[in-house]
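The structure file data_9.txt is reproduced below (compact mmCIF, C-alpha atoms).
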# COMPACT_ATOMS: atom_id res chain seq x y z
CA MET E 1 9.46 6.35 -12.40
CA LEU E 2 7.70 3.53 -10.56
CA THR E 3 8.32 5.10 -7.17
CA SER E 4 7.21 8.51 -8.45
CA ILE E 5 3.93 6.96 -9.62
CA GLY E 6 3.43 5.39 -6.20
CA LYS E 7 4.17 8.70 -4.50
CA LYS E 8 1.76 10.51 -6.82
CA ILE E 9 -1.00 8.02 -5.95
CA TYR E 10 -0.18 8.24 -2.23
CA ASP E 11 -0.22 12.06 -2.24
CA LYS E 12 -3.59 12.23 -4.03
CA GLU E 13 -5.17 9.62 -1.75
CA LYS E 14 -3.78 11.36 1.34
CA GLU E 15 -5.06 14.72 0.09
CA TYR E 16 -8.50 13.16 -0.35
CA GLU E 17 -8.68 11.19 2.92
CA GLY E 18 -6.18 12.86 5.28
CA ILE E 19 -4.41 9.66 6.30
CA PHE E 20 -3.70 7.21 3.49
CA LEU E 21 -3.99 4.14 5.71
CA LEU E 22 -7.49 5.14 6.84
CA ARG E 23 -9.00 5.71 3.41
CA LYS E 24 -12.42 4.18 2.90
CA GLY E 25 -12.31 3.90 -0.85
CA TYR E 26 -9.89 4.56 -3.63
CA ILE E 27 -9.47 7.03 -6.42
CA PRO E 28 -9.35 5.35 -9.85
CA LEU E 29 -5.84 5.36 -11.29
CA GLU E 30 -7.11 7.18 -14.38
CA LYS E 31 -7.94 10.22 -12.22
CA ILE E 32 -4.42 10.40 -10.81
CA CYS E 33 -2.00 9.18 -13.46
CA SER E 34 -1.44 9.81 -17.13
CA GLU E 35 -2.02 7.02 -19.64
CA LYS E 36 1.76 6.63 -19.97
CA GLU E 37 2.14 6.25 -16.18
CA ILE E 38 -0.65 3.69 -16.05
CA GLU E 39 0.96 1.64 -18.82
CA PHE E 40 4.32 1.83 -17.07
CA ASP E 41 2.71 0.79 -13.77
CA LYS E 42 1.29 -2.30 -15.48
CA THR E 43 4.82 -3.43 -16.39
CA TRP E 44 5.60 -3.68 -12.68
CA TYR E 45 3.30 -6.69 -12.42
CA LYS E 46 5.48 -8.52 -14.93
CA ALA E 47 8.84 -7.64 -13.32
CA PRO E 48 10.97 -10.57 -12.13
CA VAL E 49 10.13 -11.63 -8.57
CA GLU E 50 13.71 -10.94 -7.44
CA VAL E 51 13.40 -7.33 -8.60
CA MET E 52 10.09 -6.97 -6.77
CA ARG E 53 11.60 -8.35 -3.56
CA LYS E 54 14.05 -5.45 -3.48
CA PHE E 55 11.13 -3.05 -3.26
CA TYR E 56 9.40 -4.89 -0.41
CA PHE E 57 12.19 -6.31 1.76
CA GLY E 58 15.30 -4.87 3.39
CA GLU E 59 16.73 -1.38 3.67
CA TYR E 60 15.55 -0.16 0.27
CA SER E 61 11.99 -1.04 1.22
CA LYS E 62 12.25 0.89 4.48
CA GLU E 63 13.28 4.00 2.57
CA LEU E 64 10.68 3.63 -0.19
CA ASN E 65 7.83 2.91 2.19
CA SER E 66 8.77 5.23 5.06
CA ILE E 67 5.58 7.23 4.46
CA PHE E 68 3.56 4.27 5.75
CA ARG E 69 5.75 3.94 8.84
CA ASP E 70 5.28 7.66 9.48
CA GLU E 71 1.51 7.24 9.27
CA LEU E 72 1.62 4.28 11.66
CA LEU E 73 3.58 6.43 14.12
CA GLU E 74 1.05 9.23 13.67
CA LEU E 75 -1.78 6.80 14.43
CA LYS E 76 0.09 5.48 17.48
CA ASN E 77 0.81 8.98 18.80
CA SER E 78 -2.82 10.00 18.34
CA GLY E 79 -3.96 6.98 20.36
CA LYS E 80 -5.71 5.24 17.46
CA LEU E 81 -3.54 2.09 17.44
CA LYS E 82 -4.10 -0.68 19.94
CA ASP E 83 -1.66 -0.35 22.83
CA SER E 84 -0.07 -3.73 22.06
CA VAL E 85 0.86 -2.76 18.48
CA ASP E 86 4.58 -2.70 17.71
CA VAL E 87 4.92 -0.14 14.90
CA ASP E 88 8.07 -1.70 13.41
CA PHE E 89 6.47 -5.15 13.27
CA VAL E 90 3.21 -3.85 11.79
CA PHE E 91 5.14 -1.77 9.26
CA TYR E 92 7.01 -4.91 8.17
CA LEU E 93 3.73 -6.83 7.84
CA PHE E 94 2.14 -3.97 5.91
CA VAL E 95 4.94 -3.68 3.36
CA THR E 96 5.48 -7.40 2.89
CA SER E 97 1.72 -7.84 2.48
CA MET E 98 2.01 -5.58 -0.57
CA PHE E 99 4.48 -8.06 -2.05
CA ASN E 100 2.27 -11.05 -1.24
CA ILE E 101 -0.75 -9.37 -2.81
CA LEU E 102 1.28 -8.86 -6.01
CA MET E 103 2.24 -12.53 -5.95
CA TYR E 104 -1.44 -13.42 -5.54
CA PHE E 105 -2.33 -11.31 -8.59
CA ARG E 106 0.39 -13.04 -10.55
CA GLU E 107 -0.55 -16.57 -9.50
CA TYR E 108 -4.24 -16.08 -10.23
CA ASP E 109 -3.65 -13.98 -13.36
CA ILE E 110 -5.58 -10.98 -12.05
CA GLU E 111 -4.98 -8.08 -14.40
CA ASP E 112 -8.11 -5.94 -14.05
CA GLN E 113 -7.09 -2.71 -12.29
CA ASP E 114 -10.43 -2.26 -10.52
CA MET E 115 -10.30 -5.82 -9.22
CA LYS E 116 -6.74 -5.30 -7.96
CA LEU E 117 -7.73 -2.11 -6.16
CA LYS E 118 -10.77 -3.80 -4.63
CA ILE E 119 -8.72 -6.74 -3.36
CA LYS E 120 -6.06 -4.45 -1.88
CA ASN E 121 -8.62 -2.12 -0.34
CA ASP E 122 -10.64 -4.99 1.16
CA TYR E 123 -7.52 -6.57 2.65
CA TYR E 124 -6.10 -3.42 4.18
CA THR E 125 -9.36 -1.93 5.46
CA ASN E 126 -11.25 -5.07 6.51
CA LEU E 127 -8.42 -7.27 7.78
CA PHE E 128 -5.25 -5.33 8.39
CA LEU E 129 -6.61 -2.15 9.98
CA THR E 130 -9.19 -4.03 12.03
CA GLY E 131 -6.34 -5.87 13.72
CA ILE E 132 -4.31 -2.79 14.66
CA LEU E 133 -6.81 0.03 15.29
CA LYS E 134 -8.70 0.57 18.52
CA ALA E 135 -12.45 0.18 18.22
CA GLU E 136 -14.18 3.53 17.89

Could you write out this structure as structure tokens?
Amino acid sequence: MLTSIGKKIYDKEKEYEGIFLLRKGYIPLEKICSEKEIEFDKTWYKAPVEVMRKFYFGEYSKELNSIFRDELLELKNSGKLKDSVDVDFVFYLFVTSMFNILMYFREYDIEDQDMKLKIKNDYYTNLFLTGILKAE
């Protein structure tokens, strides 16, 4: 169910923005998921770290997060990524950053959904994408 929630969020964000990685804002979870899905999603933040690692590292992660790799390839093929960007390396950094952000939330006891979305959005749009996209 966790991966289906993630896919549902991804699909709605992509529908809204065109390319998920280039979104400028975020759609509140309440507008995408049911109350039951939101409650289930919250349990993910309390999962054992070893379980979380399986989602963000190794072969399973590559399969689960292939949509992001596909978008990176799309950006590369459309000439939007800096020429020096290695898609496989950036994909690895992108996915493992997700894990590290979750660890940050856990360490600093951040539970507010809006705050989590703001932190993620700020990181990916202001730091991550700035480093890999060509200036427009």

Mind pulling up the distance from atom CA of E:Leu102 to atom CA of E:Ala47?
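It comes out at 10.6 Å.
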
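When the distance limit is 8 Å and all atoms listed in the file are what count, the residues near E:Val87, minus those fewer than 2 positions from it on the same chain, are Arg69, Leu72, Leu73, Lys76, Val85, Phe89, Val90 and Phe91 of chain E.
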
Counting all atoms listed in the file, the residue among E:Phe40, E:Asp112, E:Leu133, E:Asn100 that lies closest to E:Ser84 is E:Leu133

If we count all atoms listed in the file, what is near stretch 53-67 of chain E at a cut-off of 8 Å, once residues fewer than 4 positions away on the same chain are taken out, given as a VMD selection string?
chain E and resid 3 49 71 95 to 96 98 to 99

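A cut-off of 12 Å from the point (-7.7, 2.6, 16.3), with all atoms listed in the file, picks out the residues Leu21, Leu22, Leu72, Glu74, Leu75, Lys76, Asn77, Ser78, Gly79, Lys80, Leu81, Lys82, Asp83, Ser84, Val85, Thr125, Phe128, Leu129, Thr130, Gly131, Ile132, Leu133, Lys134, Ala135 and Glu136 of chain E.
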
Neighbouring residues of E:Pro28 were defined as those with any atom within 12 Å, considering only C-alpha atoms; residues of the same chain fewer than 3 positions away were excluded. Please report them as a list in words.
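The filter keeps Ile9, Lys12, Glu13, Gly25, Lys31, Ile32, Cys33, Ser34, Ile38, Gln113, Asp114, Met115, Lys116, Leu117 and Lys118 of chain E.
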